[in-house]
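Enquirer: See structure04.cif below, with mmCIF, C-alpha atoms.
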```cif
data_protein
loop_
_atom_site.label_atom_id
_atom_site.label_comp_id
_atom_site.auth_asym_id
_atom_site.auth_seq_id
_atom_site.Cartn_x
_atom_site.Cartn_y
_atom_site.Cartn_z
CA MET A 1 91.27 -22.26 165.73
CA VAL A 2 90.63 -20.55 169.07
CA GLY A 3 91.38 -17.15 167.53
CA ILE A 4 89.17 -17.67 164.48
CA GLY A 5 86.37 -19.13 166.57
CA GLY A 6 86.57 -16.29 169.09
CA TRP A 7 86.59 -13.63 166.37
CA SER A 8 83.64 -15.28 164.63
CA PHE A 9 81.72 -15.55 167.91
CA LEU A 10 82.26 -11.87 168.75
CA GLU A 11 81.33 -10.77 165.24
CA GLU A 12 78.12 -12.76 165.34
CA TYR A 13 76.90 -12.10 168.88
CA SER A 14 78.42 -8.74 169.87
CA GLU A 15 75.16 -6.95 169.05
CA SER A 16 72.51 -9.68 169.26
CA GLY A 17 73.66 -11.11 172.61
CA LEU A 18 74.60 -14.65 173.58
CA PRO A 19 72.72 -17.52 171.89
CA GLU A 20 70.09 -19.42 173.84
CA VAL A 21 71.26 -22.91 174.84
CA LYS A 22 68.57 -25.49 175.68
CA ASN A 23 70.31 -28.77 174.84
CA VAL A 24 73.51 -30.21 173.39
CA PHE A 25 72.28 -29.62 169.83
CA ASP A 26 72.28 -25.86 170.43
CA VAL A 27 75.99 -26.04 171.29
CA LEU A 28 76.94 -28.36 168.41
CA LEU A 29 75.24 -26.05 165.92
CA GLN A 30 77.41 -23.09 166.97
CA VAL A 31 80.38 -23.42 164.61
CA SER A 32 82.39 -20.72 166.40
CA ILE A 33 82.00 -22.43 169.79
CA VAL A 34 82.95 -25.83 168.34
CA LEU A 35 86.06 -24.27 166.77
CA MET A 36 87.12 -22.75 170.11
CA VAL A 37 86.54 -25.99 172.03
CA VAL A 38 88.41 -28.15 169.51
CA GLY A 39 91.23 -25.61 169.32
CA ALA A 40 91.52 -25.50 173.12
CA VAL A 41 91.66 -29.32 173.32
CA VAL A 42 94.32 -29.55 170.59
CA PHE A 43 96.36 -26.78 172.23
CA SER A 44 96.16 -28.41 175.67
CA ILE A 45 97.35 -31.78 174.36
CA SER A 46 100.11 -30.32 172.17
CA PHE A 47 101.31 -27.87 174.83
CA SER A 48 101.61 -30.51 177.53
CA GLY A 49 103.51 -32.85 175.19
CA CYS A 50 105.84 -30.19 173.75
CA LEU A 51 106.69 -28.51 177.05
CA GLY A 52 106.89 -31.84 178.87
CA ALA A 53 109.46 -33.17 176.39
CA LEU A 54 111.40 -29.90 176.26
CA ARG A 55 111.68 -29.52 180.04
CA GLU A 56 111.62 -33.25 180.77
CA ASN A 57 108.66 -32.67 183.04
CA THR A 58 107.22 -36.03 184.04
CA CYS A 59 103.91 -34.52 185.18
CA LEU A 60 103.22 -32.91 181.79
CA LEU A 61 104.31 -36.06 179.95
CA LYS A 62 101.87 -38.10 182.00
CA VAL A 63 99.10 -35.60 181.23
CA TYR A 64 100.00 -35.75 177.53
CA SER A 65 99.95 -39.54 177.32
CA PHE A 66 96.74 -39.69 179.38
CA LEU A 67 94.94 -37.17 177.14
CA LEU A 68 96.04 -39.06 174.04
CA LEU A 69 94.79 -42.30 175.58
CA VAL A 70 91.41 -40.75 176.39
CA LEU A 71 91.17 -39.35 172.85
CA PHE A 72 92.11 -42.70 171.31
CA LEU A 73 89.65 -44.66 173.46
CA GLY A 74 86.89 -42.16 172.67
CA GLU A 75 87.48 -42.56 168.95
CA LEU A 76 87.57 -46.34 169.36
CA VAL A 77 84.29 -46.43 171.30
CA LEU A 78 82.49 -44.11 168.87
CA GLY A 79 83.76 -46.07 165.87
CA THR A 80 82.71 -49.36 167.44
CA LEU A 81 79.23 -48.08 168.32
CA ALA A 82 78.77 -46.68 164.81
CA PHE A 83 79.82 -50.05 163.32
CA VAL A 84 77.77 -52.23 165.68
CA PHE A 85 74.65 -50.02 165.79
CA PRO A 86 74.58 -48.24 162.40
CA ASN A 87 70.77 -48.02 162.35
CA THR A 88 70.67 -46.36 165.77
CA LEU A 89 73.15 -43.70 164.67
CA THR A 90 71.32 -43.11 161.39
CA ASN A 91 67.94 -42.83 163.15
CA TRP A 92 69.39 -40.38 165.67
CA ILE A 93 70.67 -38.17 162.87
CA ASN A 94 67.46 -38.51 160.84
CA GLU A 95 65.02 -37.84 163.68
CA GLY A 96 66.89 -35.48 165.98
CA LEU A 97 69.85 -33.77 164.42
CA SER A 98 68.46 -33.26 160.91
CA GLN A 99 65.49 -31.24 162.17
CA LYS A 100 67.74 -28.96 164.22
CA LEU A 101 70.10 -28.48 161.30
CA VAL A 102 67.29 -27.49 158.94
CA GLU A 103 65.44 -25.27 161.41
CA ASN A 104 68.57 -23.24 162.28
CA TYR A 105 69.80 -22.81 158.70
CA ARG A 106 69.06 -19.08 158.46
CA ASP A 107 69.78 -18.26 162.11
CA ASN A 108 73.57 -18.64 161.94
CA ALA A 109 75.69 -17.41 159.00
CA ASN A 110 78.63 -19.70 159.82
CA PHE A 111 76.35 -22.70 160.09
CA GLN A 112 74.57 -21.77 156.87
CA ASN A 113 77.87 -21.65 154.98
CA LEU A 114 78.80 -25.05 156.40
CA ILE A 115 75.50 -26.63 155.27
CA ASP A 116 75.86 -25.10 151.80
CA ALA A 117 79.42 -26.41 151.48
CA ILE A 118 78.32 -29.94 152.49
CA GLN A 119 75.38 -29.95 150.07
CA LYS A 120 77.60 -28.80 147.21
CA GLU A 121 80.40 -31.25 148.00
CA PHE A 122 78.21 -34.35 148.35
CA ARG A 123 75.59 -33.22 145.81
CA CYS A 124 72.69 -33.59 148.19
CA CYS A 125 69.76 -31.59 149.54
CA GLY A 126 68.53 -31.92 153.11
CA ILE A 127 69.93 -34.20 155.77
CA SER A 128 67.73 -37.24 156.40
CA ASP A 129 66.42 -39.94 154.07
CA LYS A 130 63.57 -37.57 153.14
CA GLY A 131 66.07 -35.56 151.10
CA TYR A 132 64.95 -32.16 149.80
CA LYS A 133 61.65 -32.48 151.70
CA ASP A 134 63.56 -31.76 154.92
CA TRP A 135 63.56 -28.08 153.98
CA SER A 136 59.79 -27.91 154.44
CA GLN A 137 60.59 -27.81 158.18
CA ASN A 138 62.38 -24.47 157.78
CA GLN A 139 60.21 -21.41 158.32
CA TYR A 140 61.55 -19.69 155.21
CA PHE A 141 61.13 -22.64 152.83
CA ASN A 142 57.94 -24.36 154.00
CA CYS A 143 54.90 -24.30 151.73
CA SER A 144 52.30 -23.18 154.25
CA THR A 145 49.83 -20.64 152.87
CA GLY A 146 50.66 -18.17 155.63
CA ASN A 147 54.39 -18.10 154.83
CA PRO A 148 55.24 -14.61 153.42
CA SER A 149 58.83 -15.56 152.53
CA SER A 150 59.97 -15.13 148.93
CA GLU A 151 61.67 -18.53 149.30
CA ARG A 152 58.40 -20.31 150.04
CA CYS A 153 58.30 -23.88 148.62
CA ALA A 154 61.96 -23.56 147.60
CA VAL A 155 65.29 -25.00 148.76
CA PRO A 156 68.70 -23.40 149.41
CA TYR A 157 70.70 -22.50 146.29
CA SER A 158 73.30 -25.14 147.21
CA CYS A 159 70.72 -27.80 146.34
CA CYS A 160 70.63 -26.73 142.70
CA ARG A 161 72.46 -28.70 140.04
CA GLU A 162 75.19 -26.69 138.33
CA ASN A 163 74.07 -27.47 134.77
CA ALA A 164 70.35 -27.08 135.36
CA ASP A 165 68.54 -24.79 132.92
CA SER A 166 66.35 -22.46 134.97
CA LYS A 167 64.20 -21.62 131.89
CA SER A 168 63.26 -25.16 131.01
CA GLN A 169 60.45 -27.05 132.67
CA THR A 170 62.15 -30.32 133.62
CA VAL A 171 61.57 -32.98 136.23
CA LEU A 172 62.57 -32.17 139.77
CA ASN A 173 65.68 -34.34 140.05
CA GLU A 174 67.13 -32.66 136.95
CA LYS A 175 66.99 -29.23 138.61
CA ILE A 176 68.02 -29.99 142.19
CA TYR A 177 69.63 -32.79 144.15
CA THR A 178 66.88 -34.79 145.81
CA ARG A 179 68.78 -37.22 148.06
CA GLY A 180 69.72 -36.42 151.66
CA CYS A 181 73.29 -35.70 152.71
CA ILE A 182 73.46 -38.81 154.90
CA GLU A 183 72.93 -40.91 151.79
CA GLY A 184 75.51 -38.84 149.93
CA LEU A 185 78.04 -39.23 152.73
CA MET A 186 77.48 -42.99 152.94
CA GLU A 187 77.93 -43.29 149.18
CA PHE A 188 81.20 -41.34 149.41
CA VAL A 189 82.47 -43.58 152.23
CA LYS A 190 81.55 -46.76 150.34
CA GLY A 191 83.21 -45.47 147.18
CA ASN A 192 86.37 -44.50 149.05
CA LEU A 193 86.39 -47.23 151.67
CA TYR A 194 90.12 -47.96 151.46
CA LEU A 195 90.99 -44.28 151.64
CA VAL A 196 88.76 -43.69 154.68
CA ALA A 197 90.08 -46.83 156.39
CA GLY A 198 93.66 -45.78 155.62
CA ILE A 199 93.14 -42.32 157.11
CA CYS A 200 91.54 -43.75 160.27
CA LEU A 201 94.33 -46.30 160.64
CA GLY A 202 96.98 -43.64 160.03
CA VAL A 203 95.51 -41.32 162.70
CA ALA A 204 95.30 -44.22 165.17
CA LEU A 205 98.92 -45.26 164.53
CA VAL A 206 100.18 -41.69 164.96
CA GLN A 207 98.38 -41.41 168.31
CA LEU A 208 99.70 -44.78 169.48
CA PHE A 209 103.23 -43.87 168.37
CA ALA A 210 103.02 -40.54 170.21
CA MET A 211 101.88 -42.35 173.37
CA TYR A 212 104.76 -44.82 172.98
CA LEU A 213 107.29 -42.00 172.62
CA SER A 214 105.97 -40.14 175.65
CA ARG A 215 106.03 -43.26 177.82
CA THR A 216 109.53 -44.13 176.59
CA LEU A 217 110.81 -40.64 177.40
CA LEU A 218 109.04 -40.77 180.76
CA ASN A 219 110.75 -44.08 181.62
CA GLN A 220 114.13 -42.72 180.55
CA ILE A 221 113.74 -39.65 182.75
CA THR A 222 112.64 -41.78 185.71
CA LEU A 223 115.60 -44.14 185.20
CA GLN A 224 118.08 -41.27 184.97
CA ARG A 225 116.74 -39.66 188.14
CA ALA A 226 116.99 -43.00 189.93
CA ARG A 227 120.69 -43.16 189.05
CA TRP A 228 121.26 -39.71 190.50
CA THR A 229 119.71 -40.70 193.77
#
```
For the structure just supplied, provide its representation as structure tokens.
Expert:
Amino acid sequence: MVGIGGWSFLEEYSESGLPEVKNVFDVLLQVSIVLMVVGAVVFSISFSGCLGALRENTCLLKVYSFLLLVLFLGELVLGTLAFVFPNTLTNWINEGLSQKLVENYRDNANFQNLIDAIQKEFRCCGISDKGYKDWSQNQYFNCSTGNPSSERCAVPYSCCRENADSKSQTVLNEKIYTRGCIEGLMEFVKGNLYLVAGICLGVALVQLFAMYLSRTLLNQITLQRARWT
């Protein structure tokens, strides 16, 4: 992940220079940077656990169990907040994140491919509850009279329905997907609730089991050293 993210970052910004960062959204929208950060975190946790167990290094085992605990608590807090305050999370995505996502669609090839993949997978167009109308905020797709873009008053190709007949004059929702991707994602989660819950529970149990193993090994090493002394 670090290698792919680094290669993608260099390919994208080697000539144009580093991207301008004004807030946290500007970082989250850089797919290559997110890949490198996530890859570095995964490597740090895995390396400390693997080397700590191999060399029976108590310091690395403590770091490993601590990082897993922080990761688990972070997931727990985020999940709890999303469950307790669903409207707050939805409003934050609708009002803040969706505008950034739409505005930066053409500015980053990696990000554009990600948006297209999401819209195809969940059969949606736009991010917020406004649906396809979100794309009017993009400088290439808005319908202003001064917009010289050939894509004026249009939407990305990933919004189009696969079986739509481009020659026929049909109603809008027969040619493109009109709902936002938040609605599409929520519908997917509701339709696969047991699967999503099972995956979340499985990930949590794996993390807890890994913490248990590291603490058990740590106690065994400490006990063995106490016998030697």
Enquirer: Grab the CA of Phe43 (chain A) to CA of Gln30 (chain A) distance for me, in Å with one decimal place.
Expert: 20.0 Å
Enquirer: Scan for residues within 7 Å of the point (71.2, -30.8, 148.3) in the coordinates of the file, using only C-alpha atoms, and reply as a VMD selection string.
Expert: chain A and resid 119 to 120 123 to 126 132 158 to 160 176 to 181
Enquirer: For CA of Cys153 (chain A) and CA of Phe141 (chain A), determine how far apart the two atoms are, in Å to one decimal place.
Expert: 5.2 Å
Enquirer: Give me the residues within 12 Å of Gly79 (chain A) as a list of chain:residue names, counting only C-alpha atoms and dropping any in the same chain fewer than 5 places off.
Expert: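 The residues satisfying every condition are A:Phe72, A:Leu73, A:Gly74, A:Val84, A:Phe85, A:Pro86, A:Leu89, A:Ala197, A:Cys200, A:Leu201, A:Ala204.
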Enquirer: What separation in Å, quoted to one decimal, exists between CA of Gly184 (chain A) and CA of Thr90 (chain A)?
Expert: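 Straight-line distance from CA of Gly184 (chain A) to CA of Thr90 (chain A) works out to 12.9 Å.
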Enquirer: Between A:Ile33, A:Ile199, A:Leu114, A:Met211, which is the closest to Tyr13 (chain A) once you count only C-alpha atoms?
Expert: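 That would be A:Ile33, the residue with the smallest distance to Tyr13 (chain A).
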Enquirer: For Gln99 (chain A), which residue out of A:Ser32, A:Ser128, A:Thr222, A:Ser48 is the nearest one, using all atoms listed in the file?
Expert: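 So, comparing all the options, the nearest one is A:Ser128.
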Enquirer: Run the PyMOL selection byres ((chain A and resi 63) around 10) against the file shown and list the residues it catches, as a compact mmCIF listing (two decimals) with C-alpha atoms, in the frame of the given file.
Expert:
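Okay, part-v6.txt is ready:
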```
# COMPACT_ATOMS: atom_id res chain seq x y z
CA SER A 44 96.16 -28.41 175.67
CA ILE A 45 97.35 -31.78 174.36
CA SER A 48 101.61 -30.51 177.53
CA GLY A 49 103.51 -32.85 175.19
CA GLY A 52 106.89 -31.84 178.87
CA THR A 58 107.22 -36.03 184.04
CA CYS A 59 103.91 -34.52 185.18
CA LEU A 60 103.22 -32.91 181.79
CA LEU A 61 104.31 -36.06 179.95
CA LYS A 62 101.87 -38.10 182.00
CA TYR A 64 100.00 -35.75 177.53
CA SER A 65 99.95 -39.54 177.32
CA PHE A 66 96.74 -39.69 179.38
CA LEU A 67 94.94 -37.17 177.14
CA LEU A 68 96.04 -39.06 174.04
CA LEU A 69 94.79 -42.30 175.58
CA SER A 214 105.97 -40.14 175.65
```
Enquirer: Run the PyMOL selection byres ((chain A and resi 103-106) around 9) on the file and write out the hits as a list in words.
Expert: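 Against this file, the PyMOL selection byres ((chain A and resi 103-106) around 9) returns the residues Leu29, Ser98, Gln99, Lys100, Leu101, Val102, Asp107, Asn108, Ala109, Phe111, Gln112, Asn113, Ile115, Trp135, Gln137, Asn138, Gln139 and Tyr140 of chain A.
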Enquirer: Run through the PyMOL selection byres ((chain A and resi 8) around 10) on the given coordinates and return the selected residues as a list in words.
Expert: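 Against this file, the PyMOL selection byres ((chain A and resi 8) around 10) returns the residues Val2, Gly3, Ile4, Gly5, Gly6, Trp7, Phe9, Leu10, Glu11, Glu12, Tyr13, Ser14, Val31, Ser32, Ile33, Leu35, Met36, Ala109 and Asn110 of chain A.
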Enquirer: Which of these, A:Ala117, A:Leu76, A:Cys143, A:Leu218, has the shortest distance to Val203 (chain A) once you count all atoms listed in the file?
Expert: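 So, comparing all the options, the nearest one is A:Leu76.
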